[in-house]
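Student: File structure-v7.cif follows (mmCIF, C-alpha atoms and all ligand atoms):
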```cif
data_start
#
loop_
_atom_site.label_atom_id
_atom_site.label_comp_id
_atom_site.auth_asym_id
_atom_site.auth_seq_id
_atom_site.Cartn_x
_atom_site.Cartn_y
_atom_site.Cartn_z
CA MET A 1 -34.09 38.18 -6.29
CA LEU A 2 -31.19 37.12 -8.43
CA ARG A 3 -28.32 39.45 -9.18
CA THR A 4 -26.46 37.45 -11.85
CA ALA A 5 -26.81 34.22 -13.80
CA ASN A 6 -24.07 32.51 -15.80
CA HIS A 7 -23.99 29.13 -17.43
CA ASP A 8 -22.12 26.59 -19.42
CA THR A 9 -23.83 23.59 -20.96
CA SER A 10 -24.04 21.57 -17.76
CA VAL A 11 -24.11 24.09 -14.88
CA VAL A 12 -25.94 27.34 -14.10
CA THR A 13 -24.31 29.63 -11.52
CA VAL A 14 -26.48 32.27 -9.87
CA GLU A 15 -25.82 35.01 -7.36
CA PHE A 16 -28.69 35.96 -5.07
CA ASP A 17 -29.20 39.54 -3.94
CA THR A 18 -27.92 38.39 -0.55
CA GLY A 19 -24.53 37.86 -2.20
CA THR A 20 -24.77 34.06 -1.90
CA GLN A 21 -23.67 32.14 -4.99
CA ALA A 22 -24.89 28.69 -5.90
CA ARG A 23 -24.46 26.29 -8.78
CA PHE A 24 -27.21 24.06 -10.17
CA HIS A 25 -26.70 21.23 -12.63
CA ALA A 26 -28.64 21.09 -15.88
CA ILE A 27 -29.99 17.62 -15.04
CA TRP A 28 -31.11 18.78 -11.59
CA LEU A 29 -32.85 21.87 -12.95
CA ARG A 30 -34.61 19.92 -15.68
CA ASP A 31 -35.77 17.26 -13.21
CA ASN A 32 -37.12 19.94 -10.90
CA ALA A 33 -38.78 22.11 -13.54
CA LEU A 34 -41.98 23.63 -12.20
CA ASP A 35 -43.89 23.91 -15.47
CA PRO A 36 -47.28 22.16 -15.83
CA GLU A 37 -45.90 19.49 -18.20
CA THR A 38 -43.38 18.47 -15.55
CA ARG A 39 -45.41 19.01 -12.37
CA ALA A 40 -49.16 18.47 -12.05
CA PRO A 41 -50.56 21.89 -11.14
CA GLY A 42 -53.16 20.48 -8.74
CA ASN A 43 -51.21 18.14 -6.51
CA GLY A 44 -47.66 19.17 -7.37
CA GLN A 45 -46.62 15.63 -8.24
CA ARG A 46 -44.02 15.03 -10.94
CA LEU A 47 -45.41 13.89 -14.29
CA ILE A 48 -42.12 12.77 -15.84
CA THR A 49 -39.74 9.94 -15.02
CA ILE A 50 -35.97 10.13 -15.04
CA SER A 51 -36.00 8.35 -18.41
CA ASP A 52 -38.04 11.18 -19.94
CA ILE A 53 -35.09 13.54 -19.49
CA PRO A 54 -32.69 13.36 -22.46
CA VAL A 55 -29.39 11.83 -21.44
CA ASP A 56 -27.62 14.69 -23.28
CA ILE A 57 -29.62 17.40 -21.48
CA SER A 58 -27.86 20.77 -21.60
CA VAL A 59 -28.45 24.45 -20.95
CA SER A 60 -28.45 26.75 -23.98
CA SER A 61 -29.52 29.89 -22.15
CA ALA A 62 -29.87 31.10 -18.54
CA GLU A 63 -31.18 34.60 -17.96
CA ILE A 64 -32.71 36.68 -15.22
CA SER A 65 -36.26 37.83 -15.80
CA ASN A 66 -38.06 39.85 -13.12
CA GLY A 67 -35.46 38.66 -10.62
CA ASP A 68 -36.10 34.98 -11.36
CA LEU A 69 -34.12 32.49 -13.44
CA THR A 70 -35.27 31.46 -16.90
CA VAL A 71 -33.45 28.48 -18.41
CA THR A 72 -33.70 26.96 -21.86
CA PHE A 73 -32.83 23.27 -22.11
CA GLN A 74 -31.61 21.38 -25.20
CA PRO A 75 -32.28 19.19 -27.06
CA GLU A 76 -35.93 19.72 -25.95
CA ASP A 77 -35.68 23.48 -26.61
CA LYS A 78 -37.76 23.82 -23.46
CA THR A 79 -37.81 27.06 -21.47
CA VAL A 80 -38.65 27.04 -17.76
CA THR A 81 -38.64 29.73 -15.08
CA PHE A 82 -37.40 29.07 -11.54
CA PRO A 83 -38.48 31.62 -8.92
CA ALA A 84 -35.47 33.02 -7.03
CA ASP A 85 -37.05 32.19 -3.67
CA TRP A 86 -37.59 28.60 -4.75
CA LEU A 87 -33.95 28.32 -5.83
CA ALA A 88 -32.79 29.84 -2.54
CA ASP A 89 -34.85 27.28 -0.64
CA HIS A 90 -33.28 24.40 -2.60
CA VAL A 91 -29.58 25.30 -2.72
CA TYR A 92 -27.41 22.18 -2.52
CA ASP A 93 -24.09 23.77 -3.48
CA CYS A 94 -23.16 24.63 0.10
CA ALA A 95 -21.01 23.54 2.99
CA ARG A 96 -22.79 21.04 5.21
CA SER A 97 -21.88 19.18 8.36
CA LEU A 98 -21.05 15.54 7.84
CA GLU A 99 -20.24 14.98 11.51
CA THR A 100 -21.17 11.45 12.50
CA GLY A 101 -23.93 11.35 15.07
CA ARG A 102 -25.14 14.90 14.51
CA VAL A 103 -28.83 15.67 15.03
CA ALA A 104 -31.09 17.02 12.31
CA HIS A 105 -31.84 20.72 12.06
CA GLY A 106 -34.67 21.65 14.42
CA ILE A 107 -33.84 19.04 17.06
CA THR A 108 -32.60 20.11 20.48
CA THR A 109 -31.11 17.44 22.74
CA TRP A 110 -31.55 17.72 26.50
CA GLU A 111 -31.04 16.14 29.88
CA ARG A 112 -32.37 16.59 33.41
CA GLY A 113 -33.02 20.20 34.26
CA ILE A 114 -35.18 21.16 31.34
CA GLU A 115 -38.80 21.89 32.06
CA ALA A 116 -40.96 19.18 30.49
CA PRO A 117 -42.77 20.79 27.54
CA SER A 118 -46.47 20.75 28.32
CA ALA A 119 -49.77 21.87 26.85
CA ASP A 120 -53.35 21.98 28.11
CA TRP A 121 -56.03 19.67 26.72
CA GLY A 122 -58.64 22.42 26.35
CA GLU A 123 -56.15 24.80 24.78
CA VAL A 124 -54.88 22.41 22.11
CA HIS A 125 -58.46 21.63 21.14
CA ALA A 126 -59.57 25.26 21.00
CA ASN A 127 -56.48 27.17 19.92
CA PRO A 128 -54.47 26.26 16.80
CA ALA A 129 -51.42 28.13 18.11
CA ALA A 130 -51.44 26.02 21.29
CA LYS A 131 -51.79 22.85 19.25
CA ARG A 132 -48.96 23.94 17.00
CA GLY A 133 -46.74 24.64 20.00
CA TRP A 134 -47.48 21.22 21.46
CA LEU A 135 -46.70 19.39 18.19
CA ALA A 136 -43.58 21.50 17.66
CA ALA A 137 -42.35 20.49 21.13
CA VAL A 138 -42.65 16.82 20.19
CA ALA A 139 -40.69 17.51 16.99
CA LYS A 140 -37.99 19.49 18.79
CA PHE A 141 -37.61 17.69 22.13
CA GLY A 142 -39.09 14.28 21.31
CA PHE A 143 -41.70 14.43 24.04
CA ALA A 144 -44.43 16.63 25.47
CA LYS A 145 -47.04 16.36 28.18
CA LEU A 146 -50.71 17.13 27.82
CA THR A 147 -52.52 18.11 31.02
CA GLY A 148 -56.10 18.78 32.07
CA GLY A 149 -57.70 16.05 29.98
CA PRO A 150 -60.71 13.86 30.76
CA THR A 151 -60.34 10.78 32.93
CA GLU A 152 -62.56 8.53 30.84
CA PRO A 153 -61.02 5.38 29.36
CA GLU A 154 -59.96 5.69 25.71
CA SER A 155 -59.27 9.41 26.01
CA LEU A 156 -55.82 8.65 24.60
CA LEU A 157 -57.39 7.91 21.23
CA LYS A 158 -58.53 11.54 21.13
CA VAL A 159 -54.92 12.62 21.63
CA ALA A 160 -53.91 10.72 18.49
CA ASP A 161 -56.90 12.20 16.64
CA LEU A 162 -55.41 15.66 17.14
CA PHE A 163 -52.58 14.97 14.69
CA GLY A 164 -52.91 11.60 13.00
CA TYR A 165 -53.85 7.99 13.48
CA VAL A 166 -53.42 5.24 16.01
CA ARG A 167 -51.15 2.43 14.86
CA GLU A 168 -52.89 -0.78 15.85
CA THR A 169 -50.69 -3.72 16.81
CA ASN A 170 -51.07 -7.18 18.32
CA TYR A 171 -51.65 -5.35 21.61
CA GLY A 172 -54.79 -3.83 20.04
CA PRO A 173 -55.62 -0.22 19.18
CA TYR A 174 -54.49 0.57 22.72
CA PHE A 175 -53.35 -1.37 25.75
CA GLU A 176 -53.86 -1.25 29.49
CA VAL A 177 -50.81 -0.57 31.61
CA ARG A 178 -51.66 -1.82 35.08
CA THR A 179 -50.78 -4.76 37.24
CA GLU A 180 -52.07 -8.01 35.84
CA VAL A 181 -51.98 -11.60 37.03
CA ASN A 182 -49.97 -13.68 34.48
CA PRO A 183 -48.95 -10.63 32.45
CA THR A 184 -48.08 -11.05 28.78
CA ASN A 185 -45.56 -8.24 29.16
CA LEU A 186 -43.52 -7.00 32.14
CA ALA A 187 -45.02 -3.56 31.51
CA TYR A 188 -48.21 -4.96 33.03
CA THR A 189 -46.66 -5.46 36.48
CA GLY A 190 -45.59 -3.13 39.27
CA LEU A 191 -41.92 -3.65 38.47
CA GLY A 192 -39.75 -0.69 37.67
CA LEU A 193 -38.73 -0.60 34.03
CA GLN A 194 -35.36 0.55 32.77
CA ALA A 195 -35.54 3.36 30.27
CA HIS A 196 -36.36 1.85 26.91
CA THR A 197 -37.86 2.44 23.53
CA ASP A 198 -40.98 0.43 22.84
CA ASN A 199 -41.30 -2.46 20.45
CA PRO A 200 -37.84 -2.49 18.86
CA TYR A 201 -38.82 -5.96 17.63
CA ARG A 202 -41.12 -4.32 15.07
CA ASP A 203 -39.84 -3.09 11.74
CA PRO A 204 -40.75 -0.32 11.41
CA VAL A 205 -41.10 0.49 15.09
CA PRO A 206 -44.09 2.56 16.20
CA THR A 207 -42.64 6.04 15.96
CA LEU A 208 -44.81 7.65 18.64
CA GLN A 209 -46.24 6.38 21.90
CA ILE A 210 -48.97 8.03 23.94
CA LEU A 211 -49.27 7.09 27.61
CA TYR A 212 -52.43 8.38 29.27
CA CYS A 213 -53.06 8.31 33.02
CA LEU A 214 -56.48 7.40 34.36
CA GLU A 215 -55.53 6.56 37.97
CA ASN A 216 -52.27 7.05 39.85
CA SER A 217 -52.68 6.87 43.61
CA ALA A 218 -50.03 4.17 44.09
CA GLU A 219 -46.74 4.95 45.76
CA GLY A 220 -44.10 5.44 43.05
CA GLY A 221 -44.84 4.81 39.41
CA ASP A 222 -43.25 8.09 38.31
CA SER A 223 -42.50 8.41 34.61
CA ILE A 224 -39.00 9.23 33.45
CA VAL A 225 -37.93 10.20 29.95
CA VAL A 226 -34.38 10.16 28.62
CA ASP A 227 -33.17 11.72 25.38
CA GLY A 228 -31.62 8.84 23.47
CA PHE A 229 -30.01 11.24 21.02
CA ARG A 230 -28.23 13.01 23.90
CA ALA A 231 -27.12 9.62 25.19
CA ALA A 232 -25.78 8.72 21.74
CA GLU A 233 -23.93 12.03 21.53
CA LYS A 234 -22.32 11.31 24.90
CA LEU A 235 -21.27 7.83 23.84
CA ARG A 236 -19.83 9.21 20.60
CA ASP A 237 -17.81 11.80 22.52
CA GLN A 238 -16.61 9.35 25.20
CA ASN A 239 -16.05 6.30 23.03
CA PRO A 240 -16.20 6.94 19.28
CA GLU A 241 -15.18 3.37 18.46
CA GLY A 242 -17.97 2.00 20.64
CA PHE A 243 -20.45 4.38 19.05
CA ALA A 244 -19.35 3.13 15.62
CA LEU A 245 -19.91 -0.48 16.72
CA LEU A 246 -23.45 0.13 17.98
CA ALA A 247 -24.22 2.11 14.82
CA GLY A 248 -22.39 -0.24 12.51
CA TYR A 249 -23.80 -3.65 13.37
CA PRO A 250 -27.41 -4.76 13.69
CA ALA A 251 -28.70 -5.79 17.08
CA ARG A 252 -31.52 -8.31 17.30
CA PHE A 253 -34.84 -7.88 19.05
CA GLU A 254 -37.64 -10.37 19.58
CA TYR A 255 -41.03 -10.69 21.25
CA LYS A 256 -42.99 -13.93 21.45
CA GLY A 257 -44.83 -13.40 24.73
CA SER A 258 -48.28 -14.39 23.51
CA ASP A 259 -49.69 -17.18 21.38
CA GLY A 260 -49.41 -16.65 17.65
CA ILE A 261 -46.90 -13.81 17.96
CA CYS A 262 -43.23 -13.96 17.00
CA LEU A 263 -41.92 -10.52 16.15
CA ARG A 264 -38.26 -10.18 15.18
CA SER A 265 -36.06 -7.39 13.92
CA ARG A 266 -32.45 -6.93 12.90
CA ARG A 267 -31.64 -3.28 13.38
CA PRO A 268 -28.88 -1.27 15.09
CA MET A 269 -29.21 0.25 18.56
CA ILE A 270 -28.00 3.55 17.11
CA GLU A 271 -29.26 4.16 13.60
CA LEU A 272 -27.59 6.72 11.35
CA SER A 273 -28.56 8.01 7.95
CA PRO A 274 -26.10 7.15 5.16
CA ASP A 275 -24.46 10.55 5.71
CA GLY A 276 -24.12 10.17 9.47
CA GLU A 277 -27.15 11.91 10.96
CA LEU A 278 -28.82 10.32 13.99
CA VAL A 279 -32.01 8.65 12.83
CA GLY A 280 -33.11 6.44 15.68
CA ILE A 281 -32.36 4.67 18.92
CA ARG A 282 -33.48 1.17 19.87
CA PHE A 283 -32.81 0.21 23.44
CA ASN A 284 -34.81 -2.36 25.38
CA ASN A 285 -33.31 -4.94 27.71
CA ARG A 286 -36.55 -6.95 27.86
CA SER A 287 -36.77 -7.66 24.17
CA SER A 288 -33.12 -7.77 23.20
CA ALA A 289 -32.33 -11.09 21.45
CA PRO A 290 -28.93 -12.77 21.02
CA PHE A 291 -26.64 -10.62 18.88
CA VAL A 292 -25.39 -12.74 16.01
CA ASP A 293 -24.35 -10.10 13.47
CA VAL A 294 -21.32 -8.76 15.34
CA PRO A 295 -18.00 -10.31 14.29
CA PHE A 296 -16.39 -12.52 16.93
CA ASP A 297 -13.40 -10.19 17.28
CA GLN A 298 -15.67 -7.21 17.95
CA MET A 299 -18.19 -8.80 20.32
CA GLU A 300 -16.51 -7.84 23.59
CA ALA A 301 -16.03 -4.26 22.44
CA TYR A 302 -19.64 -4.22 21.25
CA TYR A 303 -20.82 -5.35 24.69
CA ALA A 304 -18.60 -2.74 26.37
CA ALA A 305 -20.21 -0.04 24.22
CA TYR A 306 -23.69 -1.42 24.97
CA ARG A 307 -22.91 -1.34 28.69
CA GLN A 308 -21.56 2.19 28.41
CA LEU A 309 -24.68 3.38 26.55
CA GLY A 310 -26.80 1.74 29.26
CA GLU A 311 -24.85 3.53 31.98
CA ILE A 312 -25.33 6.86 30.24
CA ILE A 313 -29.07 6.18 29.90
CA ASP A 314 -29.37 5.10 33.56
CA ASP A 315 -27.46 8.14 34.83
CA PRO A 316 -29.92 10.13 36.98
CA ALA A 317 -28.48 13.29 35.46
CA MET A 318 -30.05 12.30 32.14
CA GLY A 319 -33.71 11.75 33.01
CA VAL A 320 -36.61 14.16 33.26
CA SER A 321 -39.19 12.74 35.66
CA PHE A 322 -42.78 13.53 36.47
CA LYS A 323 -45.72 11.76 38.01
CA LEU A 324 -48.75 11.76 35.79
CA GLU A 325 -52.05 12.74 37.40
CA PRO A 326 -55.36 11.37 36.15
CA GLY A 327 -56.21 13.15 32.90
CA GLU A 328 -52.55 13.78 32.08
CA SER A 329 -50.63 12.11 29.31
CA PHE A 330 -47.42 12.37 27.39
CA ILE A 331 -46.23 11.62 23.88
CA VAL A 332 -42.75 10.29 23.21
CA ASP A 333 -40.93 10.06 19.91
CA ASN A 334 -40.24 6.34 20.18
CA THR A 335 -37.36 6.58 17.70
CA ARG A 336 -35.51 8.91 20.03
CA VAL A 337 -36.76 9.33 23.59
CA LEU A 338 -36.67 6.44 26.03
CA HIS A 339 -39.21 6.13 28.80
CA ALA A 340 -38.86 4.46 32.19
CA ARG A 341 -41.07 3.82 35.15
CA LEU A 342 -40.26 3.65 38.82
CA GLY A 343 -41.63 0.56 40.53
CA TYR A 344 -44.90 1.04 42.39
CA SER A 345 -46.51 -0.61 45.38
CA GLY A 346 -49.76 -2.49 45.72
CA ALA A 347 -51.30 0.27 47.83
CA GLY A 348 -53.52 2.54 45.75
CA SER A 349 -53.88 2.02 42.04
CA ARG A 350 -52.06 2.92 38.87
CA TRP A 351 -53.86 2.69 35.56
CA LEU A 352 -52.48 4.02 32.34
CA GLN A 353 -53.59 3.36 28.81
CA GLY A 354 -51.05 3.38 26.01
CA CYS A 355 -51.23 3.46 22.26
CA TYR A 356 -48.94 3.94 19.30
CA ALA A 357 -49.15 6.44 16.50
CA ASP A 358 -46.79 7.69 13.85
CA LYS A 359 -44.49 10.66 13.73
CA ASP A 360 -44.85 11.25 9.99
CA GLY A 361 -48.51 12.11 10.61
CA LEU A 362 -47.63 14.44 13.46
CA LEU A 363 -44.91 16.19 11.43
CA SER A 364 -47.28 16.42 8.47
CA THR A 365 -49.94 18.11 10.59
CA LEU A 366 -47.33 20.49 11.99
CA ALA A 367 -45.88 21.32 8.55
CA ALA A 368 -49.35 21.85 7.06
CA MET A 369 -50.19 24.24 9.92
CA ASP A 370 -46.96 26.11 9.26
CA MET A 371 -47.70 26.35 5.53
CA ALA A 372 -51.15 27.72 6.29
CA GLN A 373 -49.79 30.19 8.85
CA PRO A 374 -46.10 30.70 8.09
CA GLU A 375 -45.78 33.54 10.63
CA ALA A 376 -46.49 31.03 13.42
CA ALA A 377 -43.51 28.87 12.40
CA GLU A 378 -40.28 29.31 14.31
FE FE2 B 401 -42.70 1.09 27.32
#
```
Mind converting the file's structure to structure tokens?
Tutor:
Amino acid sequence: MLRTANHDTSVVTVEFDTGTQARFHAIWLRDNALDPETRAPGNGQRLITISDIPVDISVSSAEISNGDLTVTFQPEDKTVTFPADWLADHVYDCARSLETGRVAHGITTWERGIEAPSADWGEVHANPAAKRGWLAAVAKFGFAKLTGGPTEPESLLKVADLFGYVRETNYGPYFEVRTEVNPTNLAYTGLGLQAHTDNPYRDPVPTLQILYCLENSAEGGDSIVVDGFRAAEKLRDQNPEGFALLAGYPARFEYKGSDGICLRSRRPMIELSPDGELVGIRFNNRSSAPFVDVPFDQMEAYYAAYRQLGEIIDDPAMGVSFKLEPGESFIVDNTRVLHARLGYSGAGSRWLQGCYADKDGLLSTLAAMDMAQPEAAE
């Protein structure tokens, strides 16, 4: 409910019944009008372009009706009502953090010591609340395990089906992670792998990875996940200039390990939004290419920051580790959480299948579930 509404020609100022005040510009209100000539009633998409709004748009009246805001715009002489709740949800006249390297609302960074979020295969298939909790864990922590699944090959594709779509790449719809003779990728050996994000040489990178265990009787081969956002926060706090270098200059990544493939990208190791929020981490020693976008005078400092970020990532205090059993899998947000593998021996066998999928689909499924059942949302 609104308590008061005042206006001049270019700004409407409202006070909500909570006591909060907020200003809205005439151009913003007109652009966001909710009437059926401005927004298609069926799909909610906007029917007008920016050019359809008169350049001399102004407010001639702003009144409260039934607790909501009714505005008349000139020169169109168009009257539109904005529900108070809708306005409250879209306030932009407020203090906001502009701290560089902050994480988005709803994200919790972590290090060793947290319990790996986990859900049960049968539960997420049968119980929407369990599925919602599992997806929400991926959104909040950047990873989650799924236990108790089948041990048939290609079961990982059913994991992706729960929230979205597999992203097929040159590695196929999915790939086998087990020791190969003449491997096309070091992942397909028994070597340990430093914590990394996958495929930073793609643009855009695959935003989710699913790793699904079918056999794991070998010695070692534990999985380790590291929160890249926590690592970035630590670097920012310990060495703000180094953080700014890794965020401020593109790195280069490349993969040309098989015939007909030459993937290249030019993206930073730490990616920020234009207003300083952490957007993504790219970190992969195997596919890092020569850095040629860092000024000569900054290169040594850039390398020092890269080394420091690597030391933070390698710190055992950062990683959450677990050994997947057959029928267990995990999802990582590949824009945030790095994964590593301990080396494993030739005795016994280790067979995982991996595939990529996309986070927008997962977040869409989660948001749609929350819209359908808002009481389930946190
Ligand atoms: Fe990987």
Student: Could you name the residues that touch Gln21 (chain A) at 10 Å or less, counting all atoms listed in the file, but leaving out those on the same chain fewer than 5 positions away, as JSON, numbers by chain?
Tutor: {"A": [2, 3, 4, 5, 13, 14, 15, 16, 88, 91, 93, 94]}
Student: Pick the closest to ligand FE2 401 (chain B) from A:Thr147, A:Asn185, A:Ser265, A:Ser273: which is it, counting all atoms listed in the file?
Tutor: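 So, comparing all the options, the nearest one is A:Asn185.
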Student: Could you list the protein, DNA and RNA residues that have any atom within 8 Å of ligand FE2 401 (chain B), counting only C-alpha atoms and all ligand atoms, and write them as a ChimeraX atom specification?
Tutor: /A:187,193,196-199,339-340
Student: Write the residues of the preceding selection, restricted to C-alpha atoms, as an mmCIF file, keeping the file's coordinate frame.
Tutor:
```cif
data_model
loop_
_atom_site.group_PDB
_atom_site.id
_atom_site.type_symbol
_atom_site.label_atom_id
_atom_site.label_comp_id
_atom_site.auth_asym_id
_atom_site.auth_seq_id
_atom_site.Cartn_x
_atom_site.Cartn_y
_atom_site.Cartn_z
ATOM 1 C CA ALA A 187 -45.020 -3.560 31.510
ATOM 2 C CA LEU A 193 -38.730 -0.600 34.030
ATOM 3 C CA HIS A 196 -36.360 1.850 26.910
ATOM 4 C CA THR A 197 -37.860 2.440 23.530
ATOM 5 C CA ASP A 198 -40.980 0.430 22.840
ATOM 6 C CA ASN A 199 -41.300 -2.460 20.450
ATOM 7 C CA HIS A 339 -39.210 6.130 28.800
ATOM 8 C CA ALA A 340 -38.860 4.460 32.190
#
```
Student: How far is it from CA of Glu176 (chain A) to CA of Tyr188 (chain A), in Å with one decimal?
Tutor: 7.6 Å
Student: By how many Å are CA of Gly67 (chain A) and CA of Ser10 (chain A) apart?
Tutor: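 So the two atoms, CA of Gly67 (chain A) and CA of Ser10 (chain A), lie 21.8 Å apart.
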Student: Using only C-alpha atoms, find each residue of region 49-162 of chain A with at least one atom at most 8 Å away from an atom of region 28-36 of chain A; report its shortest atom-to-atom pair and that distance in Å (one decimal), sort the rows by chain and rising residue number, and return the result as a tab-separated table.
Tutor:
```
residue	atom	partner	partner_atom	distance
A:Ile50	CA	A:Asp31	CA	7.4
A:Ile53	CA	A:Asp31	CA	7.3
A:Phe73	CA	A:Arg30	CA	7.5
A:Val80	CA	A:Ala33	CA	6.5
A:Thr81	CA	A:Leu34	CA	7.5
A:Phe82	CA	A:Leu34	CA	7.1
```
Student: So, with all atoms listed in the file as the atoms that count, which of A:Leu156, A:Ala232, A:Ala136, A:Ala247 lies closest to Leu214 (chain A)?
Tutor: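 Going through A:Leu156, A:Ala232, A:Ala136, A:Ala247 one by one, the smallest distance to Leu214 (chain A) is for A:Leu156.
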Student: Interatomic distance between CA of Val166 (chain A) and CA of Gly343 (chain A)?
Tutor: 27.6 Å
Student: My list of candidates is A:Gln194, A:Thr100, A:Thr207, A:Thr70. Which is closest to Tyr165 (chain A) when distances are computed with only C-alpha atoms?
Tutor: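 Among the listed residues, A:Thr207 lies closest to Tyr165 (chain A).
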Student: Nearest to Leu146 (chain A) among A:Arg341, A:Glu254, A:Ile331, A:Ser364, with distances taken over all atoms listed in the file: which residue is it?
Tutor: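 Closest candidate: A:Ile331.
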Student: Choose the residue, out of A:Gly164, A:Pro290, A:Gly148, A:Gly142, that has the smallest atom-to-atom separation from Ala116 (chain A); count all atoms listed in the file.
Tutor: A:Gly142
Student: As a CSV table (one decimal), in the coordinates of the input, could you write out region 352-367 of chain A once it has been completed with N, CA, C and O atoms?
Tutor:
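Dumped everything to selection29.csv:
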```csv
chain,number,residue,atom,x,y,z
A,352,LEU,N,-52.8,3.2,33.5
A,352,LEU,CA,-52.5,4.0,32.3
A,352,LEU,C,-53.0,3.3,31.1
A,352,LEU,O,-53.1,2.0,31.2
A,353,GLN,N,-53.3,4.0,30.1
A,353,GLN,CA,-53.6,3.4,28.8
A,353,GLN,C,-52.5,3.9,27.8
A,353,GLN,O,-52.1,5.1,27.9
A,354,GLY,N,-52.1,3.0,27.0
A,354,GLY,CA,-51.0,3.4,26.0
A,354,GLY,C,-51.5,3.0,24.6
A,354,GLY,O,-52.3,2.1,24.4
A,355,CYS,N,-51.0,3.8,23.7
A,355,CYS,CA,-51.2,3.5,22.3
A,355,CYS,C,-50.1,4.0,21.4
A,355,CYS,O,-49.2,4.8,21.9
A,356,TYR,N,-50.0,3.5,20.2
A,356,TYR,CA,-48.9,3.9,19.3
A,356,TYR,C,-49.6,4.8,18.2
A,356,TYR,O,-50.7,4.6,17.9
A,357,ALA,N,-48.7,5.6,17.6
A,357,ALA,CA,-49.2,6.4,16.5
A,357,ALA,C,-47.9,6.7,15.7
A,357,ALA,O,-46.8,6.2,16.1
A,358,ASP,N,-48.0,7.5,14.7
A,358,ASP,CA,-46.8,7.7,13.8
A,358,ASP,C,-46.4,9.1,13.7
A,358,ASP,O,-47.2,10.0,13.5
A,359,LYS,N,-45.1,9.3,13.7
A,359,LYS,CA,-44.5,10.7,13.7
A,359,LYS,C,-44.7,11.3,12.4
A,359,LYS,O,-44.7,12.6,12.3
A,360,ASP,N,-44.7,10.6,11.3
A,360,ASP,CA,-44.8,11.2,10.0
A,360,ASP,C,-46.2,12.0,10.0
A,360,ASP,O,-46.2,13.1,9.4
A,361,GLY,N,-47.2,11.4,10.6
A,361,GLY,CA,-48.5,12.1,10.6
A,361,GLY,C,-48.4,13.4,11.5
A,361,GLY,O,-49.0,14.4,11.1
A,362,LEU,N,-47.8,13.3,12.6
A,362,LEU,CA,-47.6,14.4,13.5
A,362,LEU,C,-46.8,15.5,12.8
A,362,LEU,O,-47.2,16.7,12.8
A,363,LEU,N,-45.7,15.2,12.1
A,363,LEU,CA,-44.9,16.2,11.4
A,363,LEU,C,-45.6,16.8,10.2
A,363,LEU,O,-45.5,17.9,9.9
A,364,SER,N,-46.5,15.9,9.6
A,364,SER,CA,-47.3,16.4,8.5
A,364,SER,C,-48.3,17.5,8.9
A,364,SER,O,-48.4,18.5,8.3
A,365,THR,N,-49.0,17.2,10.1
A,365,THR,CA,-49.9,18.1,10.6
A,365,THR,C,-49.2,19.4,11.0
A,365,THR,O,-49.7,20.5,10.7
A,366,LEU,N,-48.1,19.3,11.6
A,366,LEU,CA,-47.3,20.5,12.0
A,366,LEU,C,-46.9,21.3,10.8
A,366,LEU,O,-47.1,22.5,10.7
A,367,ALA,N,-46.4,20.6,9.7
A,367,ALA,CA,-45.9,21.3,8.6
A,367,ALA,C,-47.0,22.0,7.8
A,367,ALA,O,-46.9,23.1,7.3
```
